[in-house]
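Okay, upload_38.cif now, which holds mmCIF, C-alpha atoms:
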data_input
#
loop_
_atom_site.label_atom_id
_atom_site.label_comp_id
_atom_site.auth_asym_id
_atom_site.auth_seq_id
_atom_site.Cartn_x
_atom_site.Cartn_y
_atom_site.Cartn_z
CA MET A 1 32.83 96.45 135.16
CA ALA A 2 34.46 98.46 132.37
CA VAL A 3 37.67 98.97 134.32
CA SER A 4 37.96 95.25 135.05
CA LEU A 5 37.33 94.31 131.41
CA LEU A 6 39.68 96.95 130.03
CA GLN A 7 42.50 96.10 132.41
CA SER A 8 42.27 92.39 131.62
CA HIS A 9 42.91 92.93 127.89
CA GLU A 10 45.97 94.25 126.13
CA VAL A 11 45.99 96.53 123.11
CA SER A 12 47.41 93.64 121.09
CA ASP A 13 44.05 91.87 121.50
CA LEU A 14 42.47 94.59 119.37
CA CYS A 15 45.18 94.29 116.71
CA ILE A 16 44.57 90.68 115.73
CA GLY A 17 44.13 90.49 111.96
CA LYS A 18 44.91 94.16 111.45
CA PRO A 19 46.89 94.98 108.29
CA ALA A 20 50.00 97.13 108.43
CA VAL A 21 49.42 100.79 107.69
CA ARG A 22 50.61 102.18 104.39
CA SER A 23 52.87 105.14 104.81
CA LEU A 24 54.30 108.12 103.01
CA PRO A 25 57.83 109.47 103.49
CA PRO A 26 58.06 113.11 104.62
CA SER A 27 59.66 113.93 101.26
CA ALA A 28 56.45 113.03 99.40
CA THR A 29 54.37 115.76 97.75
CA VAL A 30 50.65 116.38 98.02
CA ARG A 31 50.30 115.04 94.50
CA GLU A 32 52.07 111.81 95.44
CA ALA A 33 49.75 111.45 98.42
CA LEU A 34 46.77 111.93 96.12
CA LEU A 35 47.99 109.27 93.70
CA ALA A 36 48.77 106.85 96.53
CA LEU A 37 45.25 107.20 97.93
CA LYS A 38 43.67 106.68 94.52
CA ARG A 39 45.79 103.66 93.67
CA GLY A 40 45.99 101.92 97.03
CA GLY A 41 42.37 102.00 98.10
CA GLU A 42 43.11 103.02 101.70
CA SER A 43 41.02 105.74 103.28
CA CYS A 44 44.11 107.34 104.81
CA LEU A 45 47.90 107.10 104.84
CA SER A 46 50.34 107.74 107.66
CA VAL A 47 53.35 110.06 107.45
CA TRP A 48 56.47 109.22 109.40
CA ILE A 49 59.35 111.44 110.48
CA ALA A 50 62.40 111.06 112.68
CA ASP A 51 61.57 111.02 116.38
CA GLN A 52 62.85 114.22 118.01
CA GLU A 53 64.00 112.41 121.15
CA LEU A 54 65.33 109.30 119.37
CA PRO A 55 66.33 110.33 115.82
CA GLU A 56 67.20 106.74 114.91
CA LYS A 57 63.54 105.82 115.36
CA LYS A 58 60.48 106.91 113.43
CA ALA A 59 57.46 108.76 114.77
CA CYS A 60 54.05 109.09 113.17
CA ALA A 61 53.56 112.75 112.31
CA GLY A 62 49.92 112.24 111.36
CA LYS A 63 47.63 110.86 108.70
CA VAL A 64 46.32 112.24 105.42
CA CYS A 65 43.17 111.43 103.48
CA MET A 66 41.42 112.69 100.37
CA VAL A 67 39.42 115.23 102.37
CA ASP A 68 42.66 116.79 103.65
CA ILE A 69 43.77 117.23 100.05
CA LEU A 70 40.45 118.66 98.87
CA CYS A 71 40.37 121.19 101.71
CA TYR A 72 43.98 122.11 101.03
CA LEU A 73 43.35 122.70 97.33
CA CYS A 74 40.32 124.88 98.15
CA ALA A 75 42.13 126.93 100.80
CA GLU A 76 42.28 130.65 100.03
CA GLU A 77 46.02 130.56 99.35
CA ASN A 78 45.78 127.59 96.95
CA ILE A 79 42.45 127.82 95.18
CA SER A 80 43.79 130.00 92.35
CA SER A 81 46.71 127.67 91.59
CA PRO A 82 45.87 124.10 92.62
CA ALA A 83 48.50 122.60 90.30
CA ALA A 84 51.22 124.42 92.23
CA ALA A 85 49.66 123.37 95.53
CA LEU A 86 49.95 119.72 94.49
CA GLY A 87 53.71 120.17 94.43
CA ALA A 88 53.88 121.20 98.08
CA PRO A 89 55.30 118.74 100.64
CA VAL A 90 52.80 116.41 102.25
CA SER A 91 53.62 118.02 105.61
CA ALA A 92 51.40 120.92 104.47
CA LEU A 93 48.42 118.61 105.07
CA LEU A 94 49.39 117.70 108.62
CA PRO A 95 48.18 119.43 111.78
CA THR A 96 50.50 121.43 113.97
CA LYS A 97 52.90 119.39 116.07
CA ASN A 98 50.97 120.33 119.20
CA SER A 99 47.69 118.85 117.96
CA SER A 100 48.55 115.54 116.32
CA PRO A 101 45.43 113.36 115.96
CA VAL A 102 47.58 110.20 115.86
CA LEU A 103 49.38 108.85 118.92
CA ARG A 104 51.39 105.70 119.53
CA VAL A 105 50.54 103.08 122.14
CA GLU A 106 52.43 99.90 122.88
CA PRO A 107 50.84 96.50 122.20
CA HIS A 108 51.34 95.40 125.82
CA SER A 109 49.46 98.44 127.15
CA CYS A 110 46.09 97.68 128.68
CA VAL A 111 43.01 98.62 126.69
CA LEU A 112 42.03 101.04 129.47
CA GLU A 113 45.11 103.17 128.84
CA ALA A 114 44.51 103.20 125.10
CA LEU A 115 40.85 104.10 125.54
CA ASP A 116 41.78 107.07 127.70
CA VAL A 117 44.09 108.30 124.92
CA ILE A 118 41.15 108.13 122.49
CA LEU A 119 38.85 109.93 124.93
CA ASP A 120 41.49 112.62 125.38
CA GLY A 121 41.12 113.49 121.70
CA ALA A 122 43.27 111.16 119.58
CA GLN A 123 41.59 110.22 116.29
CA ASN A 124 43.72 107.15 115.72
CA LEU A 125 46.31 105.13 117.54
CA VAL A 126 49.31 103.48 115.91
CA VAL A 127 50.44 100.22 117.45
CA PRO A 128 53.68 98.35 116.64
CA ILE A 129 52.94 94.90 115.28
CA ARG A 130 55.16 92.02 114.31
CA SER A 131 56.66 92.40 110.87
CA GLY A 132 55.69 89.78 108.37
CA ALA A 133 56.59 88.78 104.86
CA GLY A 134 54.91 90.96 102.32
CA ARG A 135 54.14 93.78 104.72
CA LYS A 136 53.69 97.08 102.91
CA LYS A 137 56.37 99.64 103.68
CA LEU A 138 56.82 103.29 102.93
CA ILE A 139 55.42 104.30 99.57
CA GLY A 140 58.34 105.47 97.50
CA GLY A 141 60.92 103.38 99.35
CA GLY A 142 62.19 102.78 102.83
CA GLY A 143 60.60 101.18 105.82
CA VAL A 144 59.23 102.24 109.17
CA GLY A 145 62.11 100.99 111.28
CA ALA A 146 62.21 97.23 111.81
CA VAL A 147 58.54 96.89 112.69
CA ASP A 148 55.20 97.56 111.12
CA TYR A 149 52.29 99.43 112.64
CA CYS A 150 48.53 99.11 112.52
CA TRP A 151 45.73 101.59 113.12
CA LEU A 152 43.35 101.46 116.04
CA THR A 153 40.25 103.60 115.67
CA GLN A 154 37.26 104.60 117.74
CA GLU A 155 35.32 101.93 115.87
CA ASP A 156 37.66 99.21 117.11
CA PHE A 157 36.93 100.15 120.72
CA VAL A 158 33.18 100.30 120.12
CA ARG A 159 33.28 96.82 118.56
CA PHE A 160 35.29 95.62 121.55
CA PHE A 161 32.53 96.75 123.92
CA LEU A 162 29.77 95.36 121.71
CA ASN A 163 31.37 91.91 121.97
CA SER A 164 30.85 92.06 125.75
CA ILE A 165 27.66 94.12 125.75
CA ALA A 166 25.80 91.81 128.16
CA LEU A 167 28.28 92.60 130.92
CA PHE A 168 27.09 96.20 130.97
CA SER A 169 23.36 95.57 131.38
CA PRO A 170 21.09 97.47 131.79
CA ALA A 171 22.92 100.55 130.43
CA PRO A 172 22.93 99.43 126.76
CA ALA A 173 19.14 99.20 126.80
CA LEU A 174 18.72 102.78 128.02
CA SER A 175 17.91 105.53 125.54
CA VAL A 176 20.56 107.96 124.42
CA SER A 177 18.38 110.72 125.80
CA ASP A 178 18.28 109.11 129.26
CA LEU A 179 22.04 108.61 129.12
CA GLY A 180 22.51 112.30 128.30
CA ILE A 181 24.82 111.75 125.33
CA VAL A 182 22.87 113.64 122.66
CA ARG A 183 24.92 116.71 121.78
CA PRO A 184 22.68 119.53 120.54
CA ALA A 185 25.57 121.55 119.10
CA VAL A 186 26.07 120.30 115.54
CA LEU A 187 27.85 121.48 112.42
CA ALA A 188 25.18 122.52 109.94
CA VAL A 189 24.63 124.43 106.69
CA ARG A 190 21.62 125.29 104.57
CA PRO A 191 21.30 123.67 101.13
CA HIS A 192 21.57 127.05 99.38
CA ASP A 193 24.75 128.06 101.25
CA PRO A 194 27.94 128.07 99.13
CA ALA A 195 29.80 124.80 99.65
CA LEU A 196 33.05 126.75 99.88
CA ALA A 197 31.70 128.59 102.93
CA ALA A 198 31.24 125.20 104.60
CA LEU A 199 34.94 124.36 104.23
CA PRO A 200 35.81 125.21 107.87
CA LEU A 201 32.93 122.98 109.00
CA ILE A 202 34.14 120.13 106.80
CA ARG A 203 37.60 120.48 108.33
CA ARG A 204 36.10 120.42 111.82
CA ALA A 205 33.93 117.41 110.99
CA LEU A 206 36.99 115.58 109.69
CA ALA A 207 38.85 116.31 112.92
CA ASP A 208 35.86 115.27 115.05
CA GLN A 209 35.08 112.25 112.83
CA THR A 210 31.49 113.43 112.46
CA SER A 211 29.73 115.21 109.60
CA VAL A 212 28.12 118.45 108.45
CA ALA A 213 24.34 118.39 108.51
CA VAL A 214 22.40 119.99 105.66
CA VAL A 215 19.18 121.38 107.10
CA THR A 216 16.25 123.41 105.86
CA ASP A 217 15.49 126.88 107.17
CA ASP A 218 13.14 125.33 109.75
CA GLY A 219 15.79 122.89 110.98
CA LYS A 220 14.80 119.68 109.23
CA LEU A 221 17.61 117.32 108.26
CA ILE A 222 17.71 116.66 104.51
CA GLY A 223 21.19 115.22 104.16
CA GLU A 224 24.80 115.66 105.07
CA ILE A 225 28.27 116.42 103.75
CA SER A 226 30.20 113.60 105.32
CA PRO A 227 34.01 113.51 105.24
CA SER A 228 33.81 109.71 105.24
CA THR A 229 31.82 109.87 102.00
CA LEU A 230 33.72 112.79 100.52
CA ALA A 231 36.89 110.75 101.05
CA HIS A 232 35.75 108.45 98.22
CA CYS A 233 35.74 111.30 95.71
CA ASP A 234 38.65 112.26 93.50
CA GLU A 235 40.41 115.59 93.03
CA GLY A 236 37.56 116.86 90.84
CA ALA A 237 35.50 117.37 93.99
CA ALA A 238 37.67 120.40 94.74
CA ALA A 239 36.13 122.12 91.71
CA ALA A 240 32.65 121.21 92.93
CA LEU A 241 33.44 122.56 96.41
CA ALA A 242 34.48 125.89 94.89
CA ALA A 243 31.54 126.22 92.51
CA LEU A 244 28.42 124.60 93.96
CA SER A 245 26.00 125.14 96.81
CA ALA A 246 25.95 122.73 99.72
CA GLY A 247 22.84 121.02 98.34
CA ASP A 248 24.34 120.65 94.88
CA LEU A 249 27.59 119.36 96.38
CA MET A 250 25.66 116.49 97.96
CA ALA A 251 24.44 115.50 94.50
CA TRP A 252 27.96 115.80 93.07
CA ILE A 253 29.39 113.56 95.79
CA ASP A 254 26.77 110.93 95.10
CA CYS A 255 27.60 110.71 91.40
CA SER A 256 31.22 111.78 91.36
CA GLY A 257 32.30 108.54 89.78
CA ALA A 258 30.56 109.74 86.61
CA PRO A 259 28.87 113.15 87.05
CA PRO A 260 26.55 114.16 84.20
CA GLU A 261 28.33 116.18 81.55
CA ALA A 262 25.81 118.99 81.98
CA THR A 263 26.77 119.19 85.66
CA VAL A 264 30.48 119.30 84.83
CA TRP A 265 29.89 122.06 82.29
CA ALA A 266 27.87 124.05 84.83
CA VAL A 267 30.70 123.73 87.36
CA LYS A 268 33.23 124.87 84.77
CA ALA A 269 31.08 127.86 83.82
CA ARG A 270 30.83 128.98 87.46
CA LEU A 271 34.55 128.54 87.97
CA ARG A 272 35.24 130.62 84.88
CA GLU A 273 32.98 133.37 86.26
CA LYS A 274 35.06 133.33 89.44
CA GLY A 275 38.33 133.36 87.53
CA LEU A 276 39.33 129.94 88.92
CA THR A 277 40.64 128.46 85.69
CA GLY A 278 43.19 126.41 87.63
CA LEU A 279 40.38 124.33 89.07
CA ILE A 280 38.95 123.86 85.57
CA GLU A 281 42.27 122.38 84.53
CA LEU A 282 42.27 120.17 87.62
CA LEU A 283 38.75 118.99 86.80
CA GLU A 284 39.81 117.99 83.29
CA ALA A 285 43.23 116.61 84.21
CA ASP A 286 44.30 113.00 84.03
CA LEU A 287 46.16 113.12 87.30
CA SER A 288 48.77 110.46 86.75
CA PRO A 289 52.46 110.77 85.89
CA PRO A 290 53.15 112.97 84.07
CA PHE A 291 50.62 115.54 85.29
CA SER A 292 48.71 116.66 82.20
CA SER A 293 45.65 118.76 81.60
CA SER A 294 43.40 118.51 78.60
CA SER A 295 43.15 122.29 78.56
CA GLY A 296 45.85 124.82 79.23
CA THR A 297 43.75 127.98 79.06
CA SER A 298 40.18 129.08 79.55
CA SER A 299 39.69 129.38 75.80
CA SER A 300 40.67 125.76 75.22
CA SER A 301 38.37 124.81 78.09
CA SER A 302 35.52 126.47 76.22
CA SER A 303 36.45 124.50 73.14
CA ASP A 304 36.40 121.30 75.17
CA GLU A 305 32.91 122.10 76.38
CA GLU A 306 31.62 122.53 72.89
CA SER A 307 33.16 119.30 71.70
CA GLY A 308 32.61 117.39 74.94
CA GLY A 309 36.40 116.97 74.96
CA GLY A 310 38.03 117.49 78.35
CA ALA A 311 35.07 116.66 80.53
CA GLY A 312 33.92 113.95 78.16
CA ARG A 313 37.32 112.27 78.15
CA ARG A 314 37.43 112.44 81.93
CA LEU A 315 33.97 110.93 82.27
CA ARG A 316 34.73 108.12 79.83
CA ARG A 317 37.96 107.40 81.69
CA LEU A 318 36.15 107.22 85.03
CA ARG A 319 33.34 105.02 83.74
CA SER A 320 35.66 102.60 82.01
CA SER A 321 38.13 102.25 84.88
CA GLY A 322 35.74 101.84 87.79
CA SER A 323 37.12 105.01 89.33
CA TYR A 324 38.27 105.62 92.88
CA SER A 325 35.40 108.05 93.41
CA ALA A 326 32.82 105.55 92.15
CA ARG A 327 33.37 103.28 95.16
CA MET A 328 30.57 104.90 97.11
CA GLY A 329 28.31 103.63 99.86
CA ARG A 330 25.09 105.34 100.88
CA ARG A 331 23.90 108.57 99.30
CA SER A 332 24.32 111.95 101.00
CA GLU A 333 20.61 112.41 101.59
CA GLU A 334 20.52 109.04 103.36
CA ALA A 335 21.96 110.29 106.62
CA ILE A 336 21.97 107.72 109.40
CA VAL A 337 19.43 108.81 112.01
CA CYS A 338 17.84 107.70 115.26
CA HIS A 339 15.37 109.16 117.74
CA PRO A 340 16.00 110.43 121.27
CA GLY A 341 14.33 107.27 122.58
CA SER A 342 16.60 104.91 120.65
CA SER A 343 18.62 102.58 122.85
CA LEU A 344 22.38 102.77 123.11
CA VAL A 345 22.90 99.26 121.73
CA ALA A 346 20.60 99.94 118.78
CA ILE A 347 22.62 103.01 117.83
CA ILE A 348 25.90 101.12 118.18
CA ILE A 349 24.70 98.40 115.82
CA GLN A 350 23.30 101.00 113.42
CA ALA A 351 26.55 102.97 113.28
CA LEU A 352 28.75 99.91 112.88
CA ALA A 353 26.51 98.49 110.15
CA HIS A 354 26.88 101.69 108.12
CA ARG A 355 30.58 102.19 109.01
CA VAL A 356 30.02 105.65 110.48
CA SER A 357 31.22 107.02 113.80
CA TYR A 358 28.13 109.09 114.57
CA VAL A 359 24.34 109.00 114.27
CA TRP A 360 22.08 112.04 113.83
CA VAL A 361 19.23 112.37 116.32
CA VAL A 362 15.93 113.63 114.87
CA ASP A 363 12.39 114.08 116.09
CA ASP A 364 9.26 112.61 114.49
CA ASP A 365 9.18 115.44 111.90
CA TYR A 366 12.85 114.92 111.03
CA GLY A 367 13.83 118.06 112.88
CA LEU A 368 17.49 117.85 113.86
CA VAL A 369 17.84 117.37 117.62
CA GLY A 370 21.55 116.63 117.85
CA ILE A 371 24.20 113.99 117.29
CA VAL A 372 25.62 110.97 119.10
CA SER A 373 29.23 110.09 118.28
CA PHE A 374 31.57 107.27 119.19
CA PRO A 375 33.44 109.28 121.87
CA ASP A 376 30.08 109.91 123.56
CA ILE A 377 29.34 106.17 123.49
CA LEU A 378 32.83 105.19 124.67
CA GLY A 379 32.52 107.66 127.52
CA VAL A 380 29.43 105.82 128.79
CA PHE A 381 31.25 102.48 128.91
CA ARG A 382 34.31 104.06 130.49
CA GLU A 383 32.23 105.28 133.43
CA LEU A 384 30.34 102.03 134.05
#
Would you mind giving the structure from this file in structure tokens?
Amino acid sequence: MAVSLLQSHEVSDLCIGKPAVRSLPPSATVREALLALKRGGESCLSVWIADQELPEKKACAGKVCMVDILCYLCAEENISSPAAALGAPVSALLPTKNSSPVLRVEPHSCVLEALDVILDGAQNLVVPIRSGAGRKKLIGGGGVGAVDYCWLTQEDFVRFFLNSIALFSPAPALSVSDLGIVRPAVLAVRPHDPALAALPLIRRALADQTSVAVVTDDGKLIGEISPSTLAHCDEGAAAALAALSAGDLMAWIDCSGAPPEATVWAVKARLREKGLTGLIELLEADLSPPFSSSSGTSSSSSSDEESGGGAGRRLRRLRSSGSYSARMGRRSEEAIVCHPGSSLVAIIIQALAHRVSYVWVVDDDYGLVGIVSFPDILGVFREL
């Protein structure tokens, strides 16, 4: 049934109404990517380079999001001088050329072919679409050839199957446990673990489009550090990542549009203890052209604390502007969960309603059993 349905539809059917992707030129810096994300409202931006086989054409080198930038700023080689790291080329955020998470498919390809590309590990697909008046081009000038492109995600394929769910009966009514798609191996940290130690897990979760579970010592799920939620933070979250525990980071993410001044001061104090004054400056900076920090040294940072200056000005600016990081959805302790006996269709609807690509599986005592992700779900439909 799935093969017949997938072969009868073209990729272009999934692109109807899709906006053109916003893009960055390869000459852009990390700072320019950060500003573009904050100003444009997109969750990610594409980066285009000359195609190696056809130099006159453009190829998508990958995508960047706020989580990429936060992880980059907190990397061991950058954490002491984040301002300098912001001046690096945006290519520093991209994966190696042998592991690009973004691949191109043609609009006339059948959906079956595109689905197999997703199941082979692609995070996103880029599809050429007809150019139209007012289409957004490369940020900073230039265009992506003579055509525009749109994203196709795992979510688009899941929605495609949901629209024809009755054709796959009775499989959608079966439990995820019976279908064998609950993966027990999950990314997890304890609430008292340093958030910085969870950085490799956050990177992995971003690549897998899942999340990092925060569990108690006896394995009960109490929340998560979700890249999809962290993506709505601003650059100040890098300071929180470097200074806080995993449990405290969840609280920071949930209020990062206007964190309490006491919390900001506590973060600054911990950063000062670690000698990470560059992150203090980043936390207090008004990151817009020209790059400026309200404190140039640790001593002026201390003065700002006493007067409520740097942090206070930042907080007032965020509250008054309706900041990028304030556009939050659910809270970090409100992880989306199901039970092993939950049906496949129920989990699909649950995930789509909350705009996540995974659902945690817990037992009756909220003990973490595993996770079900969109690739697991798509694999079921592919085999029917």
Picked residues, the PyMOL selection byres ((chain A and resi 105) around 12), as a PDB file with C-alpha atoms, keeping the file's coordinate frame:
ATOM      1  CA  GLU A  10      45.970  94.250 126.130  1.00  0.00           C
ATOM      2  CA  VAL A  11      45.990  96.530 123.110  1.00  0.00           C
ATOM      3  CA  SER A  12      47.410  93.640 121.090  1.00  0.00           C
ATOM      4  CA  CYS A  15      45.180  94.290 116.710  1.00  0.00           C
ATOM      5  CA  ALA A  59      57.460 108.760 114.770  1.00  0.00           C
ATOM      6  CA  CYS A  60      54.050 109.090 113.170  1.00  0.00           C
ATOM      7  CA  VAL A 102      47.580 110.200 115.860  1.00  0.00           C
ATOM      8  CA  LEU A 103      49.380 108.850 118.920  1.00  0.00           C
ATOM      9  CA  ARG A 104      51.390 105.700 119.530  1.00  0.00           C
ATOM     10  CA  GLU A 106      52.430  99.900 122.880  1.00  0.00           C
ATOM     11  CA  PRO A 107      50.840  96.500 122.200  1.00  0.00           C
ATOM     12  CA  HIS A 108      51.340  95.400 125.820  1.00  0.00           C
ATOM     13  CA  SER A 109      49.460  98.440 127.150  1.00  0.00           C
ATOM     14  CA  CYS A 110      46.090  97.680 128.680  1.00  0.00           C
ATOM     15  CA  VAL A 111      43.010  98.620 126.690  1.00  0.00           C
ATOM     16  CA  LEU A 112      42.030 101.040 129.470  1.00  0.00           C
ATOM     17  CA  GLU A 113      45.110 103.170 128.840  1.00  0.00           C
ATOM     18  CA  ALA A 114      44.510 103.200 125.100  1.00  0.00           C
ATOM     19  CA  LEU A 115      40.850 104.100 125.540  1.00  0.00           C
ATOM     20  CA  ASP A 116      41.780 107.070 127.700  1.00  0.00           C
ATOM     21  CA  VAL A 117      44.090 108.300 124.920  1.00  0.00           C
ATOM     22  CA  ILE A 118      41.150 108.130 122.490  1.00  0.00           C
ATOM     23  CA  ALA A 122      43.270 111.160 119.580  1.00  0.00           C
ATOM     24  CA  ASN A 124      43.720 107.150 115.720  1.00  0.00           C
ATOM     25  CA  LEU A 125      46.310 105.130 117.540  1.00  0.00           C
ATOM     26  CA  VAL A 126      49.310 103.480 115.910  1.00  0.00           C
ATOM     27  CA  VAL A 127      50.440 100.220 117.450  1.00  0.00           C
ATOM     28  CA  PRO A 128      53.680  98.350 116.640  1.00  0.00           C
ATOM     29  CA  ILE A 129      52.940  94.900 115.280  1.00  0.00           C
ATOM     30  CA  TYR A 149      52.290  99.430 112.640  1.00  0.00           C
ATOM     31  CA  CYS A 150      48.530  99.110 112.520  1.00  0.00           C
ATOM     32  CA  TRP A 151      45.730 101.590 113.120  1.00  0.00           C
ATOM     33  CA  LEU A 152      43.350 101.460 116.040  1.00  0.00           C
TER      34      LEU A 152
END
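When atom CA of His9 of chain A is paired with atom CA of Ser357 of chain A, their separation reads 23.1 Å.
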### Task
Determine the residue membership of the PyMOL selection byres ((chain A and resi 236-252) around 6) for the file above and supply it as a PyMOL selection string.
chain A and resi 70+191-196+234-235+253-256+267+270-271+279+283+332
### Residues in the PyMOL selection byres ((chain A and resi 364-380) around 7), expressed as JSON, numbers by chain
{"A": [119, 154, 158, 181, 182, 183, 184, 185, 186, 219, 220, 221, 357, 358, 359, 360, 361, 362, 363, 381, 382, 383, 384]}
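Residues near the point (48.7, 117.2, 109.4), at a distance of 8 Å or less over only C-alpha atoms, make up Ala61, Gly62, Lys63, Val64, Ser91, Ala92, Leu93, Leu94, Pro95, Thr96 and Ser100 of chain A.
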### Query
In Å, with one decimal, what is the gap from atom CA of His339 of chain A to atom CA of Leu187 of chain A?
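Separating atom CA of His339 of chain A from atom CA of Leu187 of chain A is a distance of 18.3 Å.
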Would you compute the box with edges along x, y and z of the file around segment 36-51 of chain A, including every atom the file lists for it and 3 Å extra on each side, and give its centre and edge lengths in Å to one decimal, as JSON?
{"center_x": 51.7, "center_y": 106.7, "center_z": 105.0, "size_x": 27.4, "size_y": 15.5, "size_z": 28.7}
### Task
Tell me, in Å to one decimal, how far atom CA of Val337 of chain A is from atom CA of Ile349 of chain A.
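Rounded to one decimal, the two atoms are 12.3 Å apart.
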### Query
Leaving out Tyr72 of chain A and any residue of its chain fewer than 3 positions from it, which residues lie within 9 Å of it when counting all atoms listed in the file, given as a count of residues only?
12
#### Entry: Closest of A:Ala88, A:Leu34, A:Val147, A:Leu174 to Lys58 of chain A - atom-to-atom distances counting only C-alpha atoms
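With only C-alpha atoms as the atom set, the closest residue is A:Val147.
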